[in-house]
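entry_28.txt (compact mmCIF, C-alpha atoms and all ligand atoms)
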```txt
# COMPACT_ATOMS: atom_id res chain seq x y z
CA MET A 23 -21.01 -9.61 20.68
CA THR A 24 -19.81 -6.01 20.77
CA ASP A 25 -21.54 -3.81 23.26
CA MET A 26 -22.38 -0.56 21.42
CA ASN A 27 -21.60 1.47 24.52
CA SER A 28 -18.28 -0.09 25.26
CA PHE A 29 -16.02 1.39 22.58
CA GLN A 30 -12.76 2.13 24.32
CA PRO A 31 -9.81 3.41 22.34
CA GLU A 32 -6.76 1.17 22.59
CA PRO A 33 -3.59 2.94 23.73
CA SER A 34 -1.59 4.18 20.76
CA ILE A 35 1.63 2.43 19.76
CA TYR A 36 3.45 5.60 20.81
CA ALA A 37 1.84 5.69 24.25
CA SER A 38 3.07 2.15 24.81
CA ASP A 39 6.62 2.93 23.63
CA GLU A 40 7.54 6.55 24.26
CA GLU A 41 11.23 5.89 23.68
CA ALA A 42 10.57 5.30 19.98
CA LEU A 43 10.99 7.91 17.27
CA VAL A 44 7.70 8.35 15.47
CA VAL A 45 7.85 9.79 11.95
CA GLY A 46 5.33 10.97 9.37
CA ILE A 47 6.43 10.60 5.76
CA ASP A 48 4.95 12.03 2.61
CA LEU A 49 6.66 9.93 -0.04
CA GLY A 50 6.10 11.95 -3.17
CA THR A 51 6.76 11.50 -6.86
CA SER A 52 8.55 14.80 -6.97
CA ARG A 53 9.55 15.48 -3.38
CA SER A 54 9.31 13.72 -0.06
CA ALA A 55 8.88 15.22 3.37
CA VAL A 56 9.46 13.83 6.83
CA THR A 57 8.43 15.19 10.22
CA ALA A 58 9.16 13.48 13.54
CA THR A 59 8.45 13.57 17.25
CA ASN A 60 11.97 14.92 17.87
CA GLY A 61 10.96 18.11 16.03
CA VAL A 62 12.71 17.36 12.74
CA ARG A 63 11.02 18.65 9.54
CA ARG A 64 12.89 17.98 6.32
CA MET A 65 12.24 17.72 2.65
CA VAL A 66 14.17 16.08 -0.17
CA GLU A 67 13.48 15.90 -3.88
CA SER A 68 12.70 12.28 -4.70
CA TYR A 69 15.85 11.55 -6.71
CA VAL A 70 18.56 8.99 -5.99
CA GLY A 71 21.89 8.76 -7.82
CA TRP A 72 24.87 6.41 -7.85
CA PRO A 73 28.21 7.58 -9.35
CA ARG A 74 28.60 6.02 -12.79
CA ASP A 75 32.30 5.16 -12.55
CA PRO A 76 35.43 5.64 -10.42
CA ILE A 77 36.03 9.11 -11.91
CA ALA A 78 32.51 10.20 -10.94
CA LEU A 79 33.00 8.72 -7.47
CA ARG A 80 36.24 10.62 -7.06
CA HIS A 81 34.55 13.84 -8.06
CA ILE A 82 31.35 13.39 -5.99
CA LYS A 83 33.11 11.74 -3.01
CA LYS A 84 29.98 9.82 -2.00
CA SER A 85 28.75 6.38 -3.00
CA ILE A 86 25.14 7.61 -3.20
CA VAL A 87 23.49 11.03 -3.44
CA PHE A 88 19.91 12.23 -2.97
CA GLY A 89 17.64 15.09 -3.97
CA ALA A 90 19.18 18.30 -5.27
CA GLU A 91 22.67 16.83 -5.01
CA ALA A 92 21.68 13.92 -7.26
CA LEU A 93 20.11 16.32 -9.76
CA GLU A 94 23.13 18.64 -9.78
CA ASN A 95 25.35 15.69 -10.59
CA ARG A 96 22.96 14.15 -13.08
CA LEU A 97 25.65 13.79 -15.75
CA SER A 98 27.93 11.73 -13.53
CA VAL A 99 25.40 9.56 -11.68
CA ARG A 100 22.91 6.88 -12.65
CA LEU A 101 19.85 8.91 -11.72
CA PHE A 102 16.58 7.37 -10.51
CA ARG A 103 13.24 8.91 -9.62
CA PRO A 104 11.77 5.79 -8.00
CA LEU A 105 8.17 6.94 -7.79
CA GLU A 106 5.74 7.43 -10.62
CA ARG A 107 2.08 8.33 -10.42
CA GLY A 108 2.67 8.38 -6.67
CA VAL A 109 3.66 4.72 -6.33
CA LEU A 110 6.93 2.78 -6.46
CA LYS A 111 7.77 2.68 -10.14
CA HIS A 112 9.08 -0.88 -10.23
CA THR A 113 5.62 -2.15 -9.24
CA LEU A 114 3.90 -0.59 -12.24
CA ASP A 115 2.88 -2.79 -15.15
CA GLY A 116 5.72 -3.31 -17.60
CA GLU A 117 8.28 -2.11 -15.06
CA SER A 118 8.87 -5.29 -13.15
CA ASP A 119 12.09 -6.58 -14.70
CA GLY A 120 15.35 -5.42 -16.17
CA ASP A 121 18.15 -3.24 -14.86
CA GLN A 122 16.03 -0.14 -14.73
CA ALA A 123 13.42 -1.83 -12.53
CA MET A 124 16.11 -3.21 -10.20
CA GLY A 125 17.61 0.27 -9.96
CA ASN A 126 14.25 1.82 -9.17
CA LYS A 127 13.55 -0.79 -6.51
CA GLU A 128 16.90 -0.20 -4.83
CA ALA A 129 16.46 3.57 -5.18
CA ALA A 130 13.08 3.41 -3.40
CA ARG A 131 14.64 1.49 -0.52
CA GLU A 132 17.54 3.95 -0.31
CA LEU A 133 15.21 6.96 -0.44
CA ILE A 134 13.23 5.63 2.52
CA ARG A 135 16.47 4.89 4.36
CA HIS A 136 17.61 8.45 3.66
CA LEU A 137 14.33 9.94 4.92
CA ILE A 138 14.68 8.03 8.17
CA HIS A 139 18.34 9.04 8.39
CA ILE A 140 17.52 12.76 8.06
CA ALA A 141 14.85 12.36 10.77
CA GLU A 142 17.86 11.73 13.06
CA PRO A 143 16.89 8.72 15.16
CA MET A 144 19.27 8.03 18.02
CA ARG A 145 21.43 4.94 17.90
CA ASP A 146 19.28 1.82 18.38
CA GLN A 147 16.13 3.92 18.78
CA LYS A 148 13.03 2.21 17.40
CA VAL A 149 11.38 3.94 14.45
CA TYR A 150 7.62 3.84 13.78
CA GLY A 151 6.50 5.50 10.59
CA VAL A 152 3.26 6.43 8.89
CA VAL A 153 3.59 6.86 5.12
CA GLY A 154 1.03 8.66 2.97
CA VAL A 155 0.24 6.91 -0.33
CA PRO A 156 -2.14 7.75 -3.21
CA ALA A 157 -5.81 7.37 -2.33
CA GLN A 158 -6.29 4.31 -4.53
CA ALA A 159 -2.82 2.73 -4.40
CA SER A 160 -2.87 -0.92 -5.40
CA LEU A 161 -2.27 -3.75 -2.97
CA LYS A 162 0.89 -4.61 -4.92
CA SER A 163 2.35 -1.16 -4.50
CA LYS A 164 1.46 -1.08 -0.80
CA GLN A 165 3.19 -4.43 -0.27
CA ALA A 166 6.26 -3.19 -2.12
CA LEU A 167 6.38 -0.14 0.12
CA ILE A 168 6.16 -2.23 3.27
CA GLU A 169 8.94 -4.40 1.86
CA ALA A 170 11.07 -1.31 1.12
CA ALA A 171 10.60 -0.04 4.69
CA LYS A 172 11.79 -3.32 6.24
CA ASP A 173 15.44 -2.44 6.88
CA THR A 174 14.74 0.99 8.30
CA MET A 175 11.56 0.93 10.38
CA ASP A 176 10.28 -1.25 13.19
CA ALA A 177 6.64 -0.72 12.30
CA VAL A 178 4.88 0.99 9.43
CA MET A 179 1.35 2.08 8.64
CA LEU A 180 0.16 3.24 5.21
CA VAL A 181 -2.62 5.80 4.92
CA SER A 182 -4.22 7.60 2.04
CA GLN A 183 -2.44 10.88 1.46
CA PRO A 184 -5.51 13.19 1.48
CA PHE A 185 -6.79 11.43 4.61
CA ALA A 186 -3.44 12.22 6.30
CA VAL A 187 -3.86 15.87 5.32
CA ALA A 188 -7.44 15.94 6.70
CA TYR A 189 -6.33 14.30 9.92
CA GLY A 190 -3.54 16.82 10.43
CA LEU A 191 -5.94 19.72 9.87
CA GLU A 192 -8.61 18.17 12.09
CA VAL A 193 -11.30 18.47 9.43
CA LEU A 194 -12.53 14.90 9.67
CA ASP A 195 -16.21 15.67 9.86
CA GLY A 196 -17.48 17.14 6.63
CA SER A 197 -14.75 18.20 4.23
CA ILE A 198 -13.11 17.29 0.94
CA VAL A 199 -9.33 17.32 0.64
CA VAL A 200 -7.67 17.64 -2.78
CA ASP A 201 -3.94 16.82 -2.67
CA ILE A 202 -2.33 18.07 -5.88
CA GLY A 203 0.99 16.30 -6.38
CA ALA A 204 3.34 15.69 -9.28
CA GLY A 205 2.20 12.17 -10.16
CA THR A 206 -1.39 12.07 -8.90
CA ILE A 207 -4.15 14.27 -7.58
CA ASP A 208 -5.77 12.53 -4.63
CA ILE A 209 -9.21 13.48 -3.44
CA CYS A 210 -10.97 12.26 -0.34
CA ARG A 211 -14.28 13.19 1.27
CA MET A 212 -14.34 13.07 5.04
CA HIS A 213 -17.45 12.40 7.05
CA GLY A 214 -16.35 11.54 10.53
CA THR A 215 -15.03 7.98 10.04
CA MET A 216 -12.14 6.29 8.23
CA PRO A 217 -12.71 7.03 4.53
CA GLU A 218 -13.52 4.07 2.33
CA GLU A 219 -12.86 3.28 -1.30
CA VAL A 220 -16.05 5.11 -2.43
CA ASP A 221 -14.91 8.28 -0.68
CA GLN A 222 -11.67 8.58 -2.65
CA ARG A 223 -10.36 9.27 -6.13
CA SER A 224 -6.81 9.18 -7.53
CA LEU A 225 -6.50 11.18 -10.73
CA ALA A 226 -3.58 10.33 -13.00
CA THR A 227 -3.35 13.85 -14.46
CA ALA A 228 -1.24 16.01 -12.12
CA GLY A 229 1.76 18.35 -11.92
CA ASP A 230 3.98 16.27 -14.23
CA ASP A 231 1.33 16.54 -16.94
CA VAL A 232 1.21 20.31 -16.51
CA ASP A 233 4.98 20.31 -17.22
CA ARG A 234 4.59 18.07 -20.28
CA ASN A 235 1.76 20.18 -21.71
CA PHE A 236 3.73 23.35 -21.09
CA GLU A 237 6.63 21.78 -23.00
CA GLU A 238 4.44 20.82 -25.92
CA LEU A 239 2.80 24.25 -26.17
CA LEU A 240 6.16 26.04 -26.05
CA HIS A 241 7.73 23.73 -28.65
CA GLU A 242 4.91 24.61 -30.96
CA LYS A 243 5.09 28.34 -30.37
CA TYR A 244 8.88 28.74 -30.16
CA PRO A 245 10.47 25.94 -32.22
CA ASP A 246 13.96 27.47 -31.87
CA ALA A 247 13.96 27.75 -28.08
CA GLN A 248 15.97 25.10 -26.23
CA PHE A 249 14.66 23.95 -22.85
CA THR A 250 14.27 20.85 -20.71
CA LEU A 251 11.37 19.72 -18.54
CA THR A 252 13.39 20.60 -15.44
CA MET A 253 13.79 24.19 -16.69
CA LEU A 254 10.06 24.47 -17.42
CA LYS A 255 9.13 23.04 -14.03
CA LYS A 256 11.15 25.83 -12.41
CA VAL A 257 9.34 28.49 -14.45
CA LYS A 258 6.01 26.90 -13.54
CA GLU A 259 6.82 26.76 -9.82
CA ALA A 260 7.72 30.45 -9.82
CA HIS A 261 4.71 31.72 -11.81
CA ALA A 262 1.89 29.14 -12.04
CA PHE A 263 -1.60 30.68 -12.20
CA VAL A 264 -5.10 29.86 -13.40
CA SER A 265 -7.02 33.05 -12.86
CA GLY A 266 -6.72 36.72 -12.14
CA GLU A 267 -4.53 39.41 -13.62
CA VAL A 268 -0.84 38.62 -13.48
CA GLU A 269 2.23 40.26 -14.92
CA ARG A 270 3.46 38.77 -18.19
CA VAL A 271 5.68 35.77 -17.49
CA LYS A 272 9.02 35.91 -19.27
CA ALA A 273 11.54 33.09 -19.40
CA VAL A 274 15.05 33.01 -20.81
CA PHE A 275 16.07 29.97 -22.88
CA PRO A 276 18.95 29.53 -25.28
CA ALA A 277 18.19 29.70 -29.00
CA ASN A 278 21.10 28.62 -31.21
CA GLY A 279 23.26 28.95 -28.13
CA SER A 280 22.37 32.54 -27.21
CA PRO A 281 20.10 33.37 -24.26
CA THR A 282 16.77 34.74 -25.51
CA GLU A 283 13.71 36.02 -23.66
CA TYR A 284 10.31 34.46 -24.39
CA ASP A 285 6.83 35.43 -23.23
CA VAL A 286 5.32 32.18 -21.87
CA THR A 287 2.26 33.60 -20.05
CA ASP A 288 -0.53 32.15 -22.17
CA GLU A 289 1.05 28.72 -22.54
CA LEU A 290 1.68 28.53 -18.79
CA LYS A 291 -1.94 29.31 -17.98
CA ILE A 292 -3.31 26.78 -20.47
CA ALA A 293 -0.89 24.14 -19.14
CA CYS A 294 -1.94 24.82 -15.53
CA GLU A 295 -5.58 24.51 -16.49
CA THR A 296 -5.02 20.88 -17.56
CA ILE A 297 -5.63 19.71 -14.02
CA LEU A 298 -8.84 21.71 -13.50
CA TYR A 299 -11.30 19.65 -15.47
CA GLU A 300 -10.67 16.33 -13.78
CA ILE A 301 -10.63 17.92 -10.33
CA ASN A 302 -14.01 19.47 -10.98
CA ASP A 303 -15.51 16.26 -12.35
CA ALA A 304 -14.29 14.31 -9.32
CA LEU A 305 -15.55 16.96 -6.88
CA HIS A 306 -18.95 17.02 -8.58
CA GLU A 307 -19.18 13.27 -8.33
CA LEU A 308 -18.01 12.97 -4.72
CA ILE A 309 -20.48 15.66 -3.65
CA ALA A 310 -23.43 14.48 -5.74
CA THR A 311 -23.17 10.86 -4.61
CA PHE A 312 -23.15 11.77 -0.92
CA ASP A 313 -26.10 11.86 1.48
CA PRO A 314 -28.11 14.89 0.30
CA GLU A 315 -28.49 16.29 3.80
CA PHE A 316 -24.72 16.55 4.20
CA GLN A 317 -23.71 17.71 0.73
CA GLN A 318 -23.79 21.32 1.84
CA LYS A 319 -21.30 20.53 4.60
CA LEU A 320 -18.86 18.96 2.13
CA ARG A 321 -19.19 21.89 -0.26
CA SER A 322 -18.47 24.38 2.47
CA ASN A 323 -15.09 22.88 3.25
CA VAL A 324 -13.01 22.03 0.18
CA ILE A 325 -9.31 22.10 1.05
CA LEU A 326 -6.43 22.10 -1.44
CA SER A 327 -2.98 20.80 -0.50
CA GLY A 328 0.22 19.56 -2.17
CA GLY A 329 2.67 21.53 -4.32
CA GLY A 330 0.09 22.18 -7.04
CA SER A 331 -2.22 23.97 -4.60
CA GLN A 332 0.16 26.93 -4.82
CA MET A 333 -1.06 27.90 -8.29
CA VAL A 334 -2.27 31.46 -8.04
CA GLY A 335 -6.05 31.72 -8.32
CA LEU A 336 -6.75 28.00 -7.98
CA PRO A 337 -9.25 28.20 -5.08
CA SER A 338 -11.32 30.86 -6.82
CA ARG A 339 -11.28 28.98 -10.15
CA ILE A 340 -12.52 25.78 -8.47
CA ARG A 341 -15.13 27.76 -6.54
CA GLN A 342 -16.42 29.25 -9.82
CA ASP A 343 -16.59 25.87 -11.48
CA LEU A 344 -18.65 24.46 -8.61
CA GLU A 345 -21.18 27.25 -8.83
CA ASP A 346 -23.61 25.19 -10.91
CA ILE A 347 -24.01 22.74 -8.04
CA GLY A 348 -24.65 25.41 -5.46
CA GLY A 349 -21.20 26.86 -4.91
CA ALA A 350 -18.45 25.91 -2.51
CA ASN A 351 -15.98 27.26 -0.04
CA VAL A 352 -12.48 26.44 -1.29
CA ARG A 353 -9.19 27.24 0.40
CA ALA A 354 -5.55 26.18 0.15
CA VAL A 355 -3.66 24.88 3.21
CA GLU A 356 -1.02 27.07 4.77
CA GLU A 357 1.79 24.53 4.53
CA PRO A 358 1.19 22.75 1.23
CA LEU A 359 4.42 20.79 1.31
CA TYR A 360 4.29 19.60 4.93
CA ALA A 361 0.54 19.12 5.41
CA GLY A 362 0.76 15.43 4.42
CA ALA A 363 3.77 14.59 6.58
CA ASN A 364 2.33 16.51 9.56
CA GLY A 365 -0.95 14.61 9.34
CA ALA A 366 0.88 11.30 8.94
CA LEU A 367 2.89 12.10 12.08
CA GLN A 368 -0.25 12.90 14.04
CA LEU A 369 -1.79 9.59 12.93
CA ALA A 370 1.40 7.79 13.93
CA ILE A 371 1.17 9.32 17.39
CA ASP A 372 -2.51 8.41 17.79
CA MET A 373 -3.13 5.02 16.19
CA PRO A 374 -3.15 1.79 18.21
CA GLU A 375 -1.10 -1.32 17.52
CA GLU A 376 -3.74 -3.11 15.44
CA TYR A 377 -3.38 -0.62 12.57
CA TRP A 378 0.38 -1.14 12.19
CA HIS A 379 2.54 -3.67 10.34
CA ARG A 380 5.32 -4.82 12.63
CA LEU A 381 8.53 -5.23 10.63
CA THR A 382 10.85 -6.52 13.35
N1 LIG A 401 4.17 27.24 -6.88
C1 LIG A 401 3.76 26.17 -7.54
N2 LIG A 401 2.77 26.26 -8.44
C2 LIG A 401 2.35 25.18 -9.13
N3 LIG A 401 2.85 23.95 -9.00
C3 LIG A 401 3.83 23.81 -8.10
C4 LIG A 401 4.33 24.87 -7.32
N4 LIG A 401 5.29 24.39 -6.51
C5 LIG A 401 5.37 23.09 -6.77
N5 LIG A 401 4.51 22.72 -7.72
C6 LIG A 401 4.30 21.39 -8.31
O1 LIG A 401 3.73 20.55 -7.34
C7 LIG A 401 4.14 19.20 -7.61
C8 LIG A 401 4.82 18.66 -6.39
O2 LIG A 401 3.91 18.69 -5.34
P1 LIG A 401 4.07 17.67 -4.15
O3 LIG A 401 5.42 17.84 -3.54
O4 LIG A 401 2.87 17.80 -3.31
O5 LIG A 401 4.00 16.35 -5.04
P2 LIG A 401 4.50 14.89 -4.71
O6 LIG A 401 4.04 14.56 -3.34
O7 LIG A 401 5.96 14.80 -4.98
O8 LIG A 401 3.74 14.07 -5.81
P3 LIG A 401 2.68 12.89 -5.60
O9 LIG A 401 1.83 13.29 -4.41
O10 LIG A 401 1.92 12.87 -6.88
O11 LIG A 401 3.49 11.67 -5.39
C9 LIG A 401 5.11 19.27 -8.77
O12 LIG A 401 4.43 19.00 -9.98
C10 LIG A 401 5.57 20.70 -8.69
O13 LIG A 401 6.09 21.17 -9.92
MG MG A 402 2.22 13.96 -2.55
```
Show me, as structure tokens, the structure contained in the file I just sent.
Amino acid sequence: MTDMNSFQPEPSIYASDEEALVVGIDLGTSRSAVTATNGVRRMVESYVGWPRDPIALRHIKKSIVFGAEALENRLSVRLFRPLERGVLKHTLDGESDGDQAMGNKEAARELIRHLIHIAEPMRDQKVYGVVGVPAQASLKSKQALIEAAKDTMDAVMLVSQPFAVAYGLEVLDGSIVVDIGAGTIDICRMHGTMPEEVDQRSLATAGDDVDRNFEELLHEKYPDAQFTLTMLKKVKEAHAFVSGEVERVKAVFPANGSPTEYDVTDELKIACETILYEINDALHELIATFDPEFQQKLRSNVILSGGGSQMVGLPSRIRQDLEDIGGANVRAVEEPLYAGANGALQLAIDMPEEYWHRLT
């Protein structure tokens, strides 16, 4: 029987193997970040491309390209974005066979290999990695991720993305973290222990849906304007807002081939607001279903992270919407794009052997 007074932390995997390179990875639908014990901090957009034919290969001079380089060459490569809704795409229903699925599977493996490569392990150095995944990722997608990490890591541990953020910020006792990504919004309430299923929500409406709604609204308003989702995403990332006074947002798109300026302010705001309603519902629910004595503590520490947390006015909008349940203190993290990877790295440094999957 366990003696209640005898809890002794096991030494961490890192303490028992200080020669190893320990990495924290935020494997995102839209971009992925890696931080490591050697001080490396890098980011890559989650795209993988293979030259389509010998001419493309001659022009690109590489057999595989990643991130911005893959996007720039999108006309001459077979381009894959191997994650969707925050999980490996080939594991989603209806995506499990065919060429496209095989390509996505291989792309996921290559993206992980690339992330480890840019973390610069030394020759033959062991690599231990913690990877942040959506709060409610399925068993199937977790297994696929472990499988994809096999060639490149010696041990891997998967943790919920918002939990990684909370761990990195040291707000484990009484907080709610909202990680606003491209494919999912992941929410987790922290109350001093490992969060469980009931503490977490993964919302399927996230940054990608903002882009799609923005596209739809602009098509309706300006039928002659020519734009792609990638162009709109850029406009959004430069000007996204949900409250407050802002300058009018103007974007230039071709119309019948000639560059034309359009006012996109109202459509951008409405599109950004798409994510608000579900966030508020989930926050309401996670607060209301918690021990009444500690609800105040949760409300006083709502933390936003992920790329979407950079929308201007988001903390104050969420604060307003929570007023009817007694108000809240809402803030955005300082490093929205690295908060997940930093927390994953800290977990990797701290967690003992029993939490890891050995791969070699
Ligand atoms: N300044 C900004 N304002 C609003 N949205 C932004 C801004 N910068 C980036 N984004 C959006 O944030 C999302 C990317 O955030 P992040 O890198 O955290 O997501 P991800 O980790 O790739 O996705 P997921 O966690 O869902 O797998 C994209 O939808 C991107 O367009
Ligand atoms: Mg993310």
Go through the chains and note each residue within 9 Å of ligand LIG 401 (chain A), using all atoms listed in the file, then give the set as a PyMOL selection string.
chain A and resi 48-55+67-68+105-109+154-156+183+201-208+226+228-233+255-256+258-263+294+327-334+358-360+362
Extract, using all atoms listed in the file, all DNA, RNA and protein residues at most 10 Å from A:Phe249, discarding same-chain residues fewer than 3 positions from it, and format them as a list in words.
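With the cut-off at 10 Å, the set is Glu237, Leu240, His241, Asp246, Thr252, Met253, Leu254, Val274, Phe275, Pro276 and Ala277 of chain A.
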Name the closest residue to ligand MG 402 (chain A) among the candidates A:Ser338, A:Asn126, A:Ser224, A:Gln248; distances are taken between atoms, counting all atoms listed in the file.
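Looking only at the distances to ligand MG 402 (chain A), the closest residue turns out to be A:Ser224.
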In Å, how far is it from atom CA of A:Val220 to atom CA of A:Thr311?
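Computing it gives 9.4 Å between the two atoms.
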Gap from atom CA of A:Val99 to atom CA of A:Gly46 - Å, one decimal:
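Atom-to-atom, atom CA of A:Val99 and atom CA of A:Gly46 are spaced 29.1 Å apart.
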Have a look at atom CA of A:Pro217 and atom CA of A:Asp176 and let me know their distance in Å, one decimal.
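Interatomic distance, atom CA of A:Pro217 to atom CA of A:Asp176: 25.9 Å.
Residue nearest A:Gly349, chosen from A:Met65, A:Ala361, A:Leu320, A:Met373 and counting only C-alpha atoms: A:Leu320.
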Tell me which of A:Gly348, A:Ser280, A:Asn364, A:Met212 sits closest to A:His306, counting only C-alpha atoms.
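Closest to A:His306 of all the choices is A:Gly348.
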For A:Arg341, list every protein, DNA or RNA residue within 12 Å, evaluated using all atoms listed in the file, and leave out those in the same chain fewer than 6 positions away; present the list as a list in words.
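In the requested form, the answer reads Ser265, Leu298, Ile301, Asn302, Leu305, His306, Arg321, Ser322, Asn323, Val324, Ile325, Leu326, Gly335, Ile347, Gly348, Gly349, Ala350, Asn351, Val352, Arg353 and Ala354 of chain A.
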Could you tell me which of A:Ile198, A:Val257, A:Ala186, A:Met179 comes closest to ligand MG 402 (chain A) if we count only C-alpha atoms and all ligand atoms?
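That would be A:Ala186, the residue with the smallest distance to ligand MG 402 (chain A).
The point (13.5, 1.1, -3.9) has these residues within 9 Å of it when all atoms listed in the file are used: Pro104, Leu105, Leu110, Lys111, His112, Met124, Gly125, Asn126, Lys127, Glu128, Ala129, Ala130, Arg131, Glu132, Leu133, Ile134, Ala166, Leu167 and Ala170 of chain A.
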Tell me which of A:Ile309, A:Leu114, A:Val286, A:Val152 sits closest to A:Tyr36, counting only C-alpha atoms.
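Closest residue, counting only C-alpha atoms: A:Val152.
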